[in-house]
Amino acid sequence: MDLRELRRKRRGRFMGSLLPYMGYIIQSGVAMVFILVLIVFSAWYTSLLRDVPQDLPIRWIMLVLLVPAAAHSGFRTYLQQPDTIFLLPQGHRMREYFAPAWVSGNVWKLLRLLIVLITLWPLYIRTETKPQALLATALVLALVKLLASCGLWRELTMQSRSAAGAYQLLRWAVAGLMVAAWLWQPPLQALIFIVLLGAAYAAALAVPKRLSVPWERLIATEKNQGARALMVLGWFVDVPGREQRVYPRRYLSRWGSGLPWRKEKAYRFLLTKSFARGDIFGIVLRIAVLSMLLVLWNRSSYLGSGIYVLFVFLLGVQLSALRKLHSESFWLTVYPLPEGSKGRSSVQFITRAHLVLAAVTGWPLLLTLGTRPLPALGTLAAGILVCYLFRNHLQRKEAAPDDDL
Amino acid sequence: MNTAPVLEITGLSGGYSLNKPVLHDVALTVQPGEMVGLIGLNGAGKSTTMKHILGLMSPHKGDITVQGKTRAKDPESYHNALSFVPEAPLLYEEMTVREHVEFTARSYGVDRADYESRSLQLARLFNMEDKMDTLSAHLSKGMKQKVMIMCAFVARPALYVIDEPFLGLDPLGIRSLLDFMMDLKTSGASILLSSHILSTIENYCDRFVLLHHGRVIAQGTLAEMNAAAGGRAQNLEQLFYELVQGGK
């Protein structure tokens with residue numbers, strides 16, 4: 001069996017399954033908005049470069065943006081559940097199968113890291129009094145990235161899940177320390193520290209007991225990766241049958257239990273639970289926190305207003321994915337839910353969540369009510385208007401489901 | 001006494017493709033308080049029949065009524081009158097066992113007090129009391145099947161459509177399920193049950209419908225079917241071989 005060919009075919013099949021959506025992505029309004037955001041960001045960044053603020057904490061900015069790009073890794077293995085039967089006898093040869101996954105995973109992630117670095121570089125050399133050389137920085141970051149990728153692969157193969165969790169923290173800490181050392185220390189000292197830390201990390205990785213091929217874990221990871229790709233696609237078009245990753249989130253287990261005991265609210269109960277334990281909740285929470293911080297930072301300028309409205313829009317895009325969450329659910333066909341209750345519940349839930357998030361992310365604007373009441377209230381009104389427009393859009397989609405893919 | 005059938009299928013032809021129907025002129029009824037065993041080889045059309053009853057497939061010809069209602073005319077009443085246990089568990093990974101049962105009860109409009117007492121009784125019956133707050137993704141296959149059964153039974157509709165319920169269940173679970181189905185039957189519920197474990201269902205079902213290549217080739221009580229087949233069979237298994245393979 002040609003394992004490389006098998007992975008290549010599976011990758012081709014997955015890419016082929018995305019192709020039909022490409023036309024819709026290009027046509028979609030969301031794609032246009034992203035291009036617009038890119039143009040606005042470029043204009044803002046250019047003006048920032050022309051007039052760099054004094055005392056800009058550039059090393060911290062570099063650290064915060066470069067460490068996630070360096071430490072975060074991922075591989076697409078395209079493994080499936082039946083592989084635990086049919087590929088099991090090939091266990092000793094699976095290195096052939098995984099090698100291209102490792103290479104392509106790293107190539108794309110290195111490219112991402114390079115884009116972040118090159119974007120930050122003009123700001124860095126204008127602000128930093130003793131900047132490091134670009135090529136040397138790129139090489140150091142690539143080294144950190146490759147080390148983090150090795151670390152992730154080892155974590156996946158570890159027998160103990162608690163050990164894997166601890167090593168995940170260690171990977172981020174090691175990457176953070178290495179990047180920080182490079183940004184704060186002279187090149188030679190930084191390099192010595194990085195090499196020593198890298199050697200210690202590599203030695204630590206050799207300690208935990210490992211499985212030769214962690215089938216179940218790789219299949220679960222692959223399922224999540226595939227779902228994430230479809231989720232990104234879901235920002236632009238309606239992708240049917242998307243599965244989401246589940247997190248226990250015990251602190252939210254009571255959410256939804258207090259809903260009125262009526263058939264009309266049954267789907268709302270399911271949607272609340274799905275939102276509370278799904279990946280969309282984590283994403284909107286992260287977007288909301290980022291939005292709040294940026295709005296707080298820029299609350300006294302029109303830039304803050306623009307950021308607020310943009311983030312309310314992005315939250316709407318994310319929340320809209322909830323509408324298609326159970327689009328192919330077997331039980332929703334079999335259970336006697338009142339006609340139209342699914343659509344009504346979805347729109348109602350999404351709109352309420354959107355309004356709550358718009359209020360939460362907009363509170364920093366209230367701090368400027370005393371000094372600039374009109375822009376603050378106008379911006380909040382614009383946020384509410386975005387929520388209203390999203391609700392209308394969702395209602396139209398519910399009324400004409402044939403427009404969905 | 002009300003003798004109108006709870007489930008009535010007449011002249012049902014259907015399948016995945018209009019050109020290649022799987023079912024041919026299937027007719028069967030399930031009366032109130034009756035348990036009917038739907039039996040046949042793999043691919044005989046048992047699951048396809050059930051999918052038509054559930055409304056997952058549209059008949060090419062024929063009618064299906066549940067408590068006199070068709071799915072086309074009154075879908076909510078139609079679905080309110082039946083619940084289903086699938087062959088393979090279909091659960092929402094993001095919900096716990098308790099939440100699945102609660103979602104089902106809410107969907108069927110079960111009174112809250114009834115839901116609470118029934119879910120407690122079912123959890124005890126199927127030894128799931130300590131798993132009620134576990135996410136379904138963390139359950140074994142047998143436990144997932146128990147959740148399916150609990151969901152179907154919390155609704156208390158007029159008709160239960162049960163597809164291969166014993167797969168994955170432990171012996172205690174099988175016994176609990178059979179006893180509970182007998183209790184439901186006694187209280188007037190109707191059950192259409194598909195299973196390959198003929199020796200088990202022989203003693204529990206009132207009547208049997210034997211499907212072969214998508215056609216009903218025999219139906220009735222065990223005695224009626226045996227008499228029609230020549231009266232040589234000692235039990236349901238032998239009768240099944242007689243009818244399907246001509247005794248070979």
# chains A, B, ... in the order shown; residues from 1 in each chain; ligands from 1

$ interface_residues --of "chain A" --to "chain B" --cutoff "12 Å" --atoms "only C-alpha atoms" --output "VMD selection string"
chain A and resid 220 243 to 250 252 to 279 325 to 326 328 to 342

$ select_by_dssp --residues "region 1-96 of chain B" --states "strand (DSSP E)" --output "ChimeraX atom specification"
/B:7-14,23-30,35-40,61-66,82-85

$ residues_around --residues "Leu178 (chain B)" --least-positions-apart "6" --cutoff "12 Å" --atoms "only C-alpha atoms" --output "PyMOL selection string"
chain B and resi 35+125-126+149+162+165-166+169+171-172+184-185+191+193+200-205

$ write_last_selection --atoms "N, CA and C atoms" --output "short mmCIF file (atom, residue, chain, number, x, y, z; two decimals), in the first residue's frame"
data_model
loop_
_atom_site.label_atom_id
_atom_site.label_comp_id
_atom_site.auth_asym_id
_atom_site.auth_seq_id
_atom_site.Cartn_x
_atom_site.Cartn_y
_atom_site.Cartn_z
N MET B 35 -47.78 -5.58 20.18
CA MET B 35 -46.36 -5.52 19.81
C MET B 35 -46.17 -6.39 18.57
N LEU B 125 -34.09 2.26 35.98
CA LEU B 125 -34.35 1.00 35.26
C LEU B 125 -33.14 0.58 34.41
N PHE B 126 -32.50 1.56 33.77
CA PHE B 126 -31.38 1.22 32.88
C PHE B 126 -30.01 1.47 33.51
N ILE B 149 -33.11 4.79 24.11
CA ILE B 149 -34.31 4.12 24.62
C ILE B 149 -35.01 5.01 25.64
N ILE B 162 -39.17 0.69 16.90
CA ILE B 162 -37.90 0.33 17.54
C ILE B 162 -37.10 -0.56 16.60
N PRO B 165 -33.20 -2.96 18.88
CA PRO B 165 -32.88 -2.27 20.14
C PRO B 165 -31.85 -3.00 20.99
N PHE B 166 -31.63 -4.28 20.73
CA PHE B 166 -30.78 -5.06 21.65
C PHE B 166 -29.28 -4.94 21.34
N LEU B 169 -26.62 -3.69 23.98
CA LEU B 169 -27.13 -3.70 25.35
C LEU B 169 -26.60 -4.91 26.12
N PRO B 171 -26.97 -7.91 29.12
CA PRO B 171 -28.13 -8.77 29.40
C PRO B 171 -29.15 -8.11 30.33
N LEU B 172 -28.65 -7.37 31.33
CA LEU B 172 -29.59 -6.68 32.23
C LEU B 172 -30.40 -5.63 31.49
N LEU B 184 -45.50 -1.15 28.88
CA LEU B 184 -46.08 -0.13 27.99
C LEU B 184 -47.24 -0.73 27.18
N LYS B 185 -47.01 -1.96 26.71
CA LYS B 185 -48.02 -2.66 25.91
C LYS B 185 -49.28 -2.87 26.74
N ILE B 191 -46.28 -1.16 19.65
CA ILE B 191 -44.83 -1.22 19.36
C ILE B 191 -44.60 -1.96 18.04
N LEU B 193 -41.46 -3.49 16.27
CA LEU B 193 -40.10 -3.81 16.69
C LEU B 193 -39.39 -4.63 15.62
N THR B 200 -35.59 -14.27 21.13
CA THR B 200 -35.97 -13.34 22.19
C THR B 200 -37.35 -12.75 21.92
N ILE B 201 -37.56 -12.28 20.69
CA ILE B 201 -38.83 -11.58 20.43
C ILE B 201 -40.01 -12.54 20.27
N GLU B 202 -39.70 -13.82 20.03
CA GLU B 202 -40.77 -14.81 19.83
C GLU B 202 -41.78 -14.79 20.98
N ASN B 203 -41.26 -14.66 22.20
CA ASN B 203 -42.15 -14.73 23.37
C ASN B 203 -42.78 -13.39 23.74
N TYR B 204 -42.38 -12.33 23.07
CA TYR B 204 -42.87 -11.01 23.46
C TYR B 204 -43.83 -10.39 22.45
N CYS B 205 -43.63 -10.72 21.15
CA CYS B 205 -44.46 -10.08 20.13
C CYS B 205 -45.79 -10.82 19.97
#

$ residues_around --residues "region 76-82 of chain A" --least-positions-apart "5" --cutoff "12 Å" --atoms "only C-alpha atoms" --output "MDAnalysis selection string"
chainID A and resid 3:4 6:15 87:88 94:106 108 153 213:229

$ residues_around --residues "region 30-45 of chain A" --least-positions-apart "5" --cutoff "12 Å" --atoms "only C-alpha atoms" --output "ChimeraX atom specification"
/A:22-25,50-52,119-123,232-237,302-303,306-307,309-311,313-314,316-318,320

$ write_last_selection --atoms "N, CA and C atoms" --output "PDB file, in the first residue's frame"
ATOM      1  N   MET A  22     -16.068  28.002  -3.521  1.00  0.00           N
ATOM      2  CA  MET A  22     -15.184  29.136  -3.806  1.00  0.00           C
ATOM      3  C   MET A  22     -15.916  30.290  -4.503  1.00  0.00           C
ATOM      4  N   GLY A  23     -16.759  29.925  -5.463  1.00  0.00           N
ATOM      5  CA  GLY A  23     -17.521  30.952  -6.183  1.00  0.00           C
ATOM      6  C   GLY A  23     -18.378  31.761  -5.229  1.00  0.00           C
ATOM      7  N   TYR A  24     -19.007  31.059  -4.292  1.00  0.00           N
ATOM      8  CA  TYR A  24     -19.885  31.741  -3.334  1.00  0.00           C
ATOM      9  C   TYR A  24     -19.074  32.651  -2.400  1.00  0.00           C
ATOM     10  N   ILE A  25     -17.845  32.191  -2.054  1.00  0.00           N
ATOM     11  CA  ILE A  25     -16.998  33.020  -1.178  1.00  0.00           C
ATOM     12  C   ILE A  25     -16.683  34.336  -1.873  1.00  0.00           C
ATOM     13  N   ARG A  50       3.822  56.485   9.836  1.00  0.00           N
ATOM     14  CA  ARG A  50       4.262  57.870   9.571  1.00  0.00           C
ATOM     15  C   ARG A  50       4.441  58.629  10.882  1.00  0.00           C
ATOM     16  N   ASP A  51       3.615  58.294  11.834  1.00  0.00           N
ATOM     17  CA  ASP A  51       3.650  59.042  13.091  1.00  0.00           C
ATOM     18  C   ASP A  51       3.605  58.050  14.261  1.00  0.00           C
ATOM     19  N   VAL A  52       4.733  57.373  14.461  1.00  0.00           N
ATOM     20  CA  VAL A  52       4.788  56.334  15.501  1.00  0.00           C
ATOM     21  C   VAL A  52       4.723  56.985  16.892  1.00  0.00           C
ATOM     22  N   THR A 119       4.967  42.055   8.433  1.00  0.00           N
ATOM     23  CA  THR A 119       4.001  43.139   8.702  1.00  0.00           C
ATOM     24  C   THR A 119       4.479  43.995   9.877  1.00  0.00           C
ATOM     25  N   LEU A 120       5.010  43.331  10.899  1.00  0.00           N
ATOM     26  CA  LEU A 120       5.435  44.063  12.099  1.00  0.00           C
ATOM     27  C   LEU A 120       6.767  44.781  11.916  1.00  0.00           C
ATOM     28  N   TRP A 121       7.574  44.279  10.969  1.00  0.00           N
ATOM     29  CA  TRP A 121       8.959  44.735  10.887  1.00  0.00           C
ATOM     30  C   TRP A 121       9.122  46.257  10.728  1.00  0.00           C
ATOM     31  N   PRO A 122       8.358  46.906   9.788  1.00  0.00           N
ATOM     32  CA  PRO A 122       8.537  48.360   9.639  1.00  0.00           C
ATOM     33  C   PRO A 122       8.304  49.110  10.956  1.00  0.00           C
ATOM     34  N   LEU A 123       7.324  48.679  11.722  1.00  0.00           N
ATOM     35  CA  LEU A 123       7.033  49.324  13.012  1.00  0.00           C
ATOM     36  C   LEU A 123       8.183  49.062  13.991  1.00  0.00           C
ATOM     37  N   VAL A 232     -14.604  28.049   9.051  1.00  0.00           N
ATOM     38  CA  VAL A 232     -14.098  29.246   8.369  1.00  0.00           C
ATOM     39  C   VAL A 232     -14.892  29.460   7.082  1.00  0.00           C
ATOM     40  N   LEU A 233     -15.162  28.342   6.387  1.00  0.00           N
ATOM     41  CA  LEU A 233     -15.963  28.420   5.167  1.00  0.00           C
ATOM     42  C   LEU A 233     -17.359  28.959   5.482  1.00  0.00           C
ATOM     43  N   GLY A 234     -17.857  28.558   6.662  1.00  0.00           N
ATOM     44  CA  GLY A 234     -19.194  28.971   7.097  1.00  0.00           C
ATOM     45  C   GLY A 234     -19.315  30.471   7.326  1.00  0.00           C
ATOM     46  N   TRP A 235     -18.207  31.177   7.453  1.00  0.00           N
ATOM     47  CA  TRP A 235     -18.280  32.641   7.583  1.00  0.00           C
ATOM     48  C   TRP A 235     -18.809  33.264   6.291  1.00  0.00           C
ATOM     49  N   PHE A 236     -18.558  32.584   5.169  1.00  0.00           N
ATOM     50  CA  PHE A 236     -18.888  33.157   3.870  1.00  0.00           C
ATOM     51  C   PHE A 236     -20.162  32.552   3.273  1.00  0.00           C
ATOM     52  N   VAL A 237     -20.296  31.230   3.417  1.00  0.00           N
ATOM     53  CA  VAL A 237     -21.460  30.556   2.820  1.00  0.00           C
ATOM     54  C   VAL A 237     -22.044  29.590   3.845  1.00  0.00           C
ATOM     55  N   TYR A 302     -12.423  58.588  16.594  1.00  0.00           N
ATOM     56  CA  TYR A 302     -13.344  57.930  15.668  1.00  0.00           C
ATOM     57  C   TYR A 302     -12.844  56.546  15.261  1.00  0.00           C
ATOM     58  N   LEU A 303     -11.548  56.312  15.461  1.00  0.00           N
ATOM     59  CA  LEU A 303     -10.993  54.984  15.188  1.00  0.00           C
ATOM     60  C   LEU A 303     -11.673  53.957  16.103  1.00  0.00           C
ATOM     61  N   GLY A 306     -14.985  53.089  14.714  1.00  0.00           N
ATOM     62  CA  GLY A 306     -14.836  52.173  13.578  1.00  0.00           C
ATOM     63  C   GLY A 306     -14.540  50.759  14.047  1.00  0.00           C
ATOM     64  N   ILE A 307     -13.633  50.642  15.023  1.00  0.00           N
ATOM     65  CA  ILE A 307     -13.283  49.317  15.556  1.00  0.00           C
ATOM     66  C   ILE A 307     -14.513  48.657  16.168  1.00  0.00           C
ATOM     67  N   VAL A 309     -17.779  49.137  15.555  1.00  0.00           N
ATOM     68  CA  VAL A 309     -18.777  48.700  14.553  1.00  0.00           C
ATOM     69  C   VAL A 309     -18.251  47.483  13.786  1.00  0.00           C
ATOM     70  N   LEU A 310     -16.970  47.504  13.460  1.00  0.00           N
ATOM     71  CA  LEU A 310     -16.372  46.374  12.743  1.00  0.00           C
ATOM     72  C   LEU A 310     -16.486  45.089  13.572  1.00  0.00           C
ATOM     73  N   PHE A 311     -16.173  45.180  14.867  1.00  0.00           N
ATOM     74  CA  PHE A 311     -16.219  43.981  15.702  1.00  0.00           C
ATOM     75  C   PHE A 311     -17.655  43.505  15.938  1.00  0.00           C
ATOM     76  N   PHE A 313     -19.905  43.708  13.738  1.00  0.00           N
ATOM     77  CA  PHE A 313     -20.171  43.004  12.481  1.00  0.00           C
ATOM     78  C   PHE A 313     -19.552  41.602  12.510  1.00  0.00           C
ATOM     79  N   LEU A 314     -18.280  41.518  12.943  1.00  0.00           N
ATOM     80  CA  LEU A 314     -17.597  40.215  12.985  1.00  0.00           C
ATOM     81  C   LEU A 314     -18.292  39.255  13.952  1.00  0.00           C
ATOM     82  N   GLY A 316     -21.431  39.269  14.570  1.00  0.00           N
ATOM     83  CA  GLY A 316     -22.643  38.850  13.855  1.00  0.00           C
ATOM     84  C   GLY A 316     -22.345  37.730  12.879  1.00  0.00           C
ATOM     85  N   VAL A 317     -21.208  37.841  12.180  1.00  0.00           N
ATOM     86  CA  VAL A 317     -20.812  36.794  11.220  1.00  0.00           C
ATOM     87  C   VAL A 317     -20.631  35.474  11.962  1.00  0.00           C
ATOM     88  N   GLN A 318     -19.947  35.522  13.085  1.00  0.00           N
ATOM     89  CA  GLN A 318     -19.707  34.301  13.866  1.00  0.00           C
ATOM     90  C   GLN A 318     -21.011  33.711  14.395  1.00  0.00           C
ATOM     91  N   SER A 320     -23.970  34.060  13.321  1.00  0.00           N
ATOM     92  CA  SER A 320     -24.864  33.576  12.256  1.00  0.00           C
ATOM     93  C   SER A 320     -24.625  32.107  11.942  1.00  0.00           C
TER      94      SER A 320
END

$ closest_residue --among "A:Ser305, A:Ser327, A:Ser73, A:Gln348" --to "Leu374 (chain A)" --atoms "only C-alpha atoms"
A:Ser305

$ residues_around --residues "Ala136 (chain A)" --least-positions-apart "4" --cutoff "12 Å" --atoms "only C-alpha atoms" --output "list of chain:residue names"
A:Leu117, A:Pro131, A:Gln132, A:Val140, A:Leu141, A:Ala142, A:Leu143, A:Trp182, A:Leu183, A:Pro187, A:Leu188, A:Ala190, A:Leu191

$ closest_residue --among "A:Leu285, A:His72, A:Ile115, A:Leu230" --to "Leu19 (chain A)" --atoms "only C-alpha atoms"
A:Leu230

$ residues_around --residues "region 206-210 of chain A" --least-positions-apart "4" --cutoff "6 Å" --atoms "only C-alpha atoms" --output "PyMOL selection string"
chain A and resi 157-159

$ select_by_dssp --residues "region 30-173 of chain A" --states "helix (DSSP H, G or I)" --output "ChimeraX atom specification"
/A:30-50,58-71,83-86,88-127,134-157,161-173

$ atom_distance --atom1 "CA of Lys144 (chain B)" --atom2 "CA of Pro89 (chain B)"
5.8 Å
